[in-house]
Number of protein chains: 2
Amino acid sequence: MKINLGVVGAGIASKELHLPALRNLSELFTVVAVNSRTRKKAEEFAGIVGGNVTVFDSYEEMLSSEFVDAVVLAVPIALNPKMIAAAKRANKPVICEKPVAASVKEAAPLLRLSGDSPVYIAENYRHIEVYKKAAELLKEDKIGKPLAFSWLKWVDFGQDNKYVQTKWRQTPEHVGGFISDGGVHDVAALRKILGDAEEVSGFSKKSLDYLGAENCVVFNMTLENGVIGNYSVVYGAPVSLNRFEIVGTDGLMLVDKDGATIEVFAADREKIFVNKTDGFVEEFKDFYNVIRGENNSLGTIDETILDLATIEAGLVSAAEKRIVAVNSLLEESR
Amino acid sequence: MKINLGVVGAGIASKELHLPALRNLSELFTVVAVNSRTRKKAEEFAGIVGGNVTVFDSYEEMLSSEFVDAVVLAVPIALNPKMIAAAKRANKPVICEKPVAASVKEAAPLLRLSGDSPVYIAENYRHIEVYKKAAELLKEDKIGKPLAFSWLKWVDFGQDNKYVQTKWRQTPEHVGGFISDGGVHDVAALRKILGDAEEVSGFSKKSLDYLGAENCVVFNMTLENGVIGNYSVVYGAPVSLNRFEIVGTDGLMLVDKDGATIEVFAADREKIFVNKTDGFVEEFKDFYNVIRGENNSLGTIDETILDLATIEAGLVSAAEKRIVAVNSLLEESR
């Protein structure tokens with residue numbers, strides 16, 4: 001049975017990330033409605049989708065509509081919690097972009113929502129094959145016992161970048177601006193491969209005003225399995241780089257998402273090619289299955305809060321000059 | 001006028017680092033004496049030097065000998081302070097390997113020594129051309145305003161490595177074992193290029209018993225010029241890597257000591273080849289000039305203590321779970 005989707009938000013994510021994925025999944029989903037704060041953008045989106053798409057002036061109206069089976073949220077981050085809660089009250093399944101909230105504190109009430117309709121958080125990195133494969137290789141002792149990791153990310157977002165030009169990203173209500181917006185993805189991958197973080201310490205810097213918040217961070221982490229590592233990010237760098245390396249007792253591993261390859265330098269040097277995964281397609285497929293009654297393991301609120309808490313711990317460490325336990329943020333917010 | 005040197009310690013540094021340099025500088029120095037805790041090693045060293053080399057059974061005897069003009073210390077790190085002090089009392093110029101002491105606290109009394117004979121700390125990285133050149137390029141705004149740095153170092157020291165087999169390195173009295181032994185070099189280079197560190201936070205791990213102390217560290221730093229960065233080290237890695245990158249507003253710079261090259265990715269991509277410098281030759285040349293009355297700028301106790309304090313701040317941060325100001329270690333030790 002096909003599911004009729006109401007899309008909320010007609011910005012970059014809806015148009016450029018979700019819509020292509022949904023077109024790929026036309027046997028599972030039909031986009032039947034759209035709502036945006038700007039009616040003109042909603043109409044434009046309806047035009048792009050084509051066919052019979054209802055433009056709703058309010059989210060509440062969409063939620064009470066009988067022909068909308070489920071909703072897709074791609075709205076400014078700070079709006080997510082109350083819009084998820086409203087979907088729950090309307091008993092409509094909801095898939096929502098990450099981060100799920102502006103902070104762990106704002107996300108925590110989501111853990112106490114009542115109702116049976118599923119809430120699914122769209123973290124595409126949890127669906128990407130190269131990260132699954134990296135986790136498997138570690139379990140197979142490909143590089144021996146992991147000792148440390150290094151994740152260095154430079155992002156060449158200039159003033160004319162489309163994300164930078166989004167208004168709500170220019171004056172972000174979500175913690176750390178781009179640092180959490182992008183960072184929760186990387187933490188999702190890191191946790192999948194190496195496990196959860198226990199403590200984070202870091203420094204941050206706001207060196208480019210047009211980026212709205214901290215644009216440089218250096219975060220160190222201790223993981224539950226004893227591995228230590230560093231996650232460093234610079235937004236507004238002149239060149240992009242995304243280098244994630246794990247060193248173990250018997251070898252090292254370079255995990256390249258964009259190339260969908262894992263280079264292993266162990267007894268032999270080996271380059272493993274992994275299927276390129278469209279994480280957006282995969283997350284919508286999984287959402288479909290969850291609506292049909294399957295267990296939600298990759299899109300839970302618990303998982304997404306752990307991603308956010310890890311990044312927020314680094315930002316709090318930098319602001320308050322102390323080492324922050326990830327769990328302490330979760331406990332404080334409960 | 002040639003200077004007659006008495007060499008103290010007949011281990012790896014004396015034989016493999018200093019002696020080749022001194023042979024290159026035979027117009028400046030003559031090795032005339034050697035002292036080691038193990039007479040056999042001293043005799044072996046005298047044999048390697050050739051010619052007329054006196055083997056002293058005690059350092060004190062060597063210091064009181066009239067034909068020894070200056071001494072070279074390449075001894076277990078914890079012994080440096082008292083042996084430097086003894087050289088001062090004997091009014092003999094002394095050049096001493098780094099780190100100058102087992103900790104900042106042990107090094108601090110060296111700042112209060114009286115006497116006019118020079119004390120020179122042999123930090124070869126302060127003499128390496130590629131680091132001088134990198135500092136110049138930054139000053140010339142080659143990559144714009146520096147934002148962040150990343151220094152990732154993996155060292156493939158196995159159990160059979162000659163340094164690992166040194167007894168005093170297996171049960172190190174110096175803070176952090178190899179982490180400070182090797183780390184002070186990198187900090188010397190970092191300070192030369194980007195300036196002094198203000199605060200350090202980090203995590204450390206001891207994952208390989210044969211390495212004697214912490215073998216994995218991830219240190220974050222804030223520098224006085226506002227740059228933040230990360231310095232991560234794993235000893236006992238299966239592969240070696242030494243990657244030092246600086247990202248600025250207009251480009252990035254990859255500084256490769258071993259290749260003596262600087263890769264700049266700015267408006268143009270450019271690879272700058274720098275003279276390969278033998279830091280050991282350069283430091284002994286400089287020591288000679290300092291003995292002849294020139295100003296000591298690259299081999300001072302102040303400089304070497306700042307190198308050590310930066311690494312020690314990271315180790316203290318990891319052990320005590322707090323962010324540590326580099327200056328606080330200097331102040332506490334005074």
# chains A, B, ... in the order shown; residues from 1 in each chain; ligands from 1

call {"tool": "residues_around", "arguments": {"residues": "B:Pro81", "least_positions_apart": "6", "cutoff": "10 Å", "atoms": "only C-alpha atoms", "output": "ChimeraX atom specification"}}
result
/B:87,96,100-102,106-110

call {"tool": "residues_around", "arguments": {"residues": "A:Ala33", "least_positions_apart": "4", "cutoff": "9 Å", "atoms": "only C-alpha atoms", "output": "number ranges by chain"}}
result
A: 4-8, 46, 52-56, 62, 67-68

call {"tool": "write_last_selection", "arguments": {"atoms": "N, CA, C and O atoms", "output": "compact mmCIF listing (two decimals), in the first residue's frame"}}
result
# COMPACT_ATOMS: atom_id res chain seq x y z
N ASN A 4 0.58 8.24 1.47
CA ASN A 4 0.44 9.62 1.02
C ASN A 4 1.17 10.55 1.98
O ASN A 4 0.85 10.61 3.16
N LEU A 5 2.15 11.26 1.44
CA LEU A 5 3.00 12.11 2.29
C LEU A 5 2.60 13.57 2.19
O LEU A 5 2.34 14.09 1.09
N GLY A 6 2.61 14.25 3.34
CA GLY A 6 2.54 15.70 3.39
C GLY A 6 3.92 16.25 3.74
O GLY A 6 4.51 15.87 4.76
N VAL A 7 4.45 17.07 2.88
CA VAL A 7 5.80 17.61 3.08
C VAL A 7 5.69 18.97 3.78
O VAL A 7 4.94 19.84 3.33
N VAL A 8 6.47 19.15 4.84
CA VAL A 8 6.46 20.41 5.59
C VAL A 8 7.82 21.07 5.46
O VAL A 8 8.84 20.51 5.87
N ALA A 46 4.97 22.45 -4.94
CA ALA A 46 3.88 21.64 -5.52
C ALA A 46 4.05 21.54 -7.04
O ALA A 46 3.85 20.47 -7.63
N ASN A 52 -1.29 16.19 -8.50
CA ASN A 52 -2.28 16.78 -7.62
C ASN A 52 -1.73 16.95 -6.20
O ASN A 52 -1.80 16.03 -5.37
N VAL A 53 -1.12 18.10 -5.93
CA VAL A 53 -0.52 18.36 -4.61
C VAL A 53 -1.26 19.52 -3.94
O VAL A 53 -1.32 20.62 -4.47
N THR A 54 -1.83 19.25 -2.78
CA THR A 54 -2.55 20.29 -2.05
C THR A 54 -1.59 21.17 -1.27
O THR A 54 -0.69 20.67 -0.58
N VAL A 55 -1.77 22.47 -1.39
CA VAL A 55 -0.95 23.40 -0.60
C VAL A 55 -1.74 23.80 0.64
O VAL A 55 -2.83 24.38 0.54
N PHE A 56 -1.21 23.46 1.80
CA PHE A 56 -1.87 23.82 3.06
C PHE A 56 -1.27 25.10 3.61
O PHE A 56 -0.04 25.26 3.62
N MET A 62 -2.95 20.47 7.68
CA MET A 62 -2.40 19.28 7.01
C MET A 62 -2.54 18.04 7.88
O MET A 62 -2.94 16.96 7.43
N PHE A 67 -6.51 12.69 3.87
CA PHE A 67 -5.77 12.05 2.77
C PHE A 67 -4.25 12.12 2.94
O PHE A 67 -3.50 11.58 2.13
N VAL A 68 -3.80 12.75 4.02
CA VAL A 68 -2.36 12.73 4.34
C VAL A 68 -2.12 11.62 5.36
O VAL A 68 -2.64 11.66 6.47

call {"tool": "closest_residue", "arguments": {"among": "A:Val218, A:Leu113, A:Ala122, A:Ala42", "to": "B:Tyr231", "atoms": "only C-alpha atoms"}}
result
A:Val218

call {"tool": "residues_around", "arguments": {"residues": "B:Gly182", "least_positions_apart": "2", "cutoff": "10 Å", "atoms": "only C-alpha atoms", "output": "PyMOL selection string"}}
result
chain B and resi 98-99+155+176-180+184-187+233+235+311

call {"tool": "closest_residue", "arguments": {"among": "A:Leu22, A:Cys216, A:Val255, A:Ile301", "to": "chain B", "atoms": "only C-alpha atoms"}}
result
A:Cys216

call {"tool": "interface_residues", "arguments": {"of": "chain B", "to": "chain A", "cutoff": "8 Å", "atoms": "only C-alpha atoms", "output": "VMD selection string"}}
result
chain B and resid 147 to 148 150 152 201 to 205 207 216 to 222 228 to 230 232 234 236 to 239 247 to 252 265 to 266 321 to 323

call {"tool": "write_last_selection", "arguments": {"atoms": "C-alpha atoms", "output": "CSV table (one decimal), in the first residue's frame"}}
result
chain,number,residue,atom,x,y,z
B,147,LEU,CA,42.2,29.5,11.6
B,148,ALA,CA,43.2,26.1,12.8
B,150,SER,CA,46.0,19.7,12.8
B,152,LEU,CA,48.6,13.9,13.4
B,201,SER,CA,43.0,19.9,27.0
B,202,GLY,CA,43.3,16.3,26.2
B,203,PHE,CA,42.8,12.6,26.7
B,204,SER,CA,45.5,10.0,27.0
B,205,LYS,CA,45.7,6.2,27.0
B,207,SER,CA,47.4,0.7,25.5
B,216,CYS,CA,48.1,7.6,22.7
B,217,VAL,CA,47.2,11.2,23.3
B,218,VAL,CA,44.8,13.6,21.7
B,219,PHE,CA,45.5,17.2,22.7
B,220,ASN,CA,43.6,20.3,21.8
B,221,MET,CA,45.3,23.7,22.1
B,222,THR,CA,44.4,27.4,22.0
B,228,ILE,CA,42.9,26.5,17.8
B,229,GLY,CA,44.2,23.1,16.8
B,230,ASN,CA,44.8,19.5,17.6
B,232,SER,CA,47.3,13.7,18.3
B,234,VAL,CA,49.9,7.3,18.7
B,236,GLY,CA,53.1,1.7,18.6
B,237,ALA,CA,51.0,2.4,15.5
B,238,PRO,CA,51.5,-0.2,12.7
B,239,VAL,CA,52.4,2.6,10.2
B,247,VAL,CA,44.2,26.0,7.4
B,248,GLY,CA,43.8,29.7,6.9
B,249,THR,CA,41.1,32.0,5.4
B,250,ASP,CA,42.7,31.9,2.0
B,251,GLY,CA,44.4,28.5,1.8
B,252,LEU,CA,46.0,25.7,3.6
B,265,PHE,CA,46.8,25.1,-1.5
B,266,ALA,CA,45.7,28.7,-2.0
B,321,LYS,CA,40.3,15.9,33.7
B,322,ARG,CA,40.5,19.6,33.4
B,323,ILE,CA,41.6,22.2,30.9

call {"tool": "atom_distance", "arguments": {"atom1": "atom CA of A:Asn295", "atom2": "atom CA of A:Tyr120"}}
result
10.9 Å

call {"tool": "closest_residue", "arguments": {"among": "A:Gly11, A:Gly47, A:Pro76, A:Pro93", "to": "A:Ile291", "atoms": "only C-alpha atoms"}}
result
A:Pro93
